[in-house]
Amino acid sequence: MNIILLGAPGSGKGTLAKGLVTKLALFHVSTGDIFREELAKKSPLGQEVASYMSSGRLVPDKLVLEVLKNRLAAETRGLMFDGFPRTVEQAEGLDAWFTSRGQNIDAVVFLNVADDVVAKRLGSRRTCSGCKKIYNVISNPPAKEGVCDACGKPLFTREDDKAEVIARRLQVYKDQTEPLLAYYRSSGVFLEADGAQSPEAVEEKVLALLKSRA
Ligand code: AP5
Ligand code: MG
């Protein structure tokens, strides 16, 4: 099964993906996580994407597609995409890639959340520097401040979770990613969930939607 999670920055794609990949035995593909790992390693790719990410702009389509094709060439598990595709060009590239492998997209899940809610969530997000577990100092804080419950490593605030970068990311989403809703709505695999509910309720709803399609 191949699934795409679609939604604004802060809509809960990463939080939902972490639970679903275990339950559905899928491979989690987060382009944001891939780029942040490369940034942390200071690799040539990390250096190439640094300025795009810190300013909230999208990494160029050609580069994103090239990185994913290389990383996924030998992958045989079902895929859960989180944060990809983000432009119509990326979606067309993904369609062509699946066709070349004799595969297809089984579901596109759109997490619908209002702008003011996502902006508030992003401003209060913390991420584990070790296992990448996602927290929120308001709605989902760790037991011990600044420390991951799961692996004990320190939590950090993402560089692109500053107010001015959050505003840019939301605008970029509207301009470049929202057109994907129309692209996938006509594909027959489009599903929509209210992402403003609790993480548990969102997961339950999405599992039910996926089951109804199986
Ligand atoms: P990326 O890492 O993909 O960031 P994003 O799309 O901006 O999304 P976020 O990770 O910010 O939010 P999310 O939806 O995962 O929410 P989360 O679960 O964390 O991309 C970063 C950058 O990389 C881009 O700006 C770009 O530069 C580059 N990039 C990446 N992919 C690219 C691509 N394909 N093409 C080009 N460039 C690319 O949740 C957020 C907060 O809310 C957390 O605190 C969480 O605890 C909380 N929360 C989650 N769900 C709920 C809930 N249901 N109720 C209450 N709180 C919740
Ligand atoms: Mg994310």
# chains A, B, ... in the order shown; residues from 1 in each chain; ligands from 1
>>> residues_near_ligand(ligand="ligand 1", cutoff="7 Å", atoms="only C-alpha atoms and all ligand atoms", output="PyMOL selection string")
chain A and resi 7-16+30-33+35+52-53+56-61+64+82-86+118+121-122+124-126+134-136+139-140+169+195-199+202
>>> select_by_dssp(residues="chain A", states="helix (DSSP H, G or I)", output="PyMOL selection string")
chain A and resi 13-24+31-41+44-55+61-72+88-100+115-123+159-161+163-177+179-185+199-213
>>> closest_residue(among="A:Ile138, A:Lys120, A:Phe27, A:Asp160", to="ligand 2", atoms="only C-alpha atoms and all ligand atoms")
A:Asp160
>>> residues_around(residues="stretch 105-109 of chain A", least_positions_apart="4", cutoff="10 Å", atoms="only C-alpha atoms", output="VMD selection string")
chain A and resid 1 to 7 13 78 to 81 94 to 95 98 to 99 181 184 to 185 187 to 193 206 209 to 210 213 to 214
>>> closest_residue(among="A:Arg71, A:Arg77, A:Lys153, A:Arg158", to="ligand 2", atoms="only C-alpha atoms and all ligand atoms")
A:Arg158
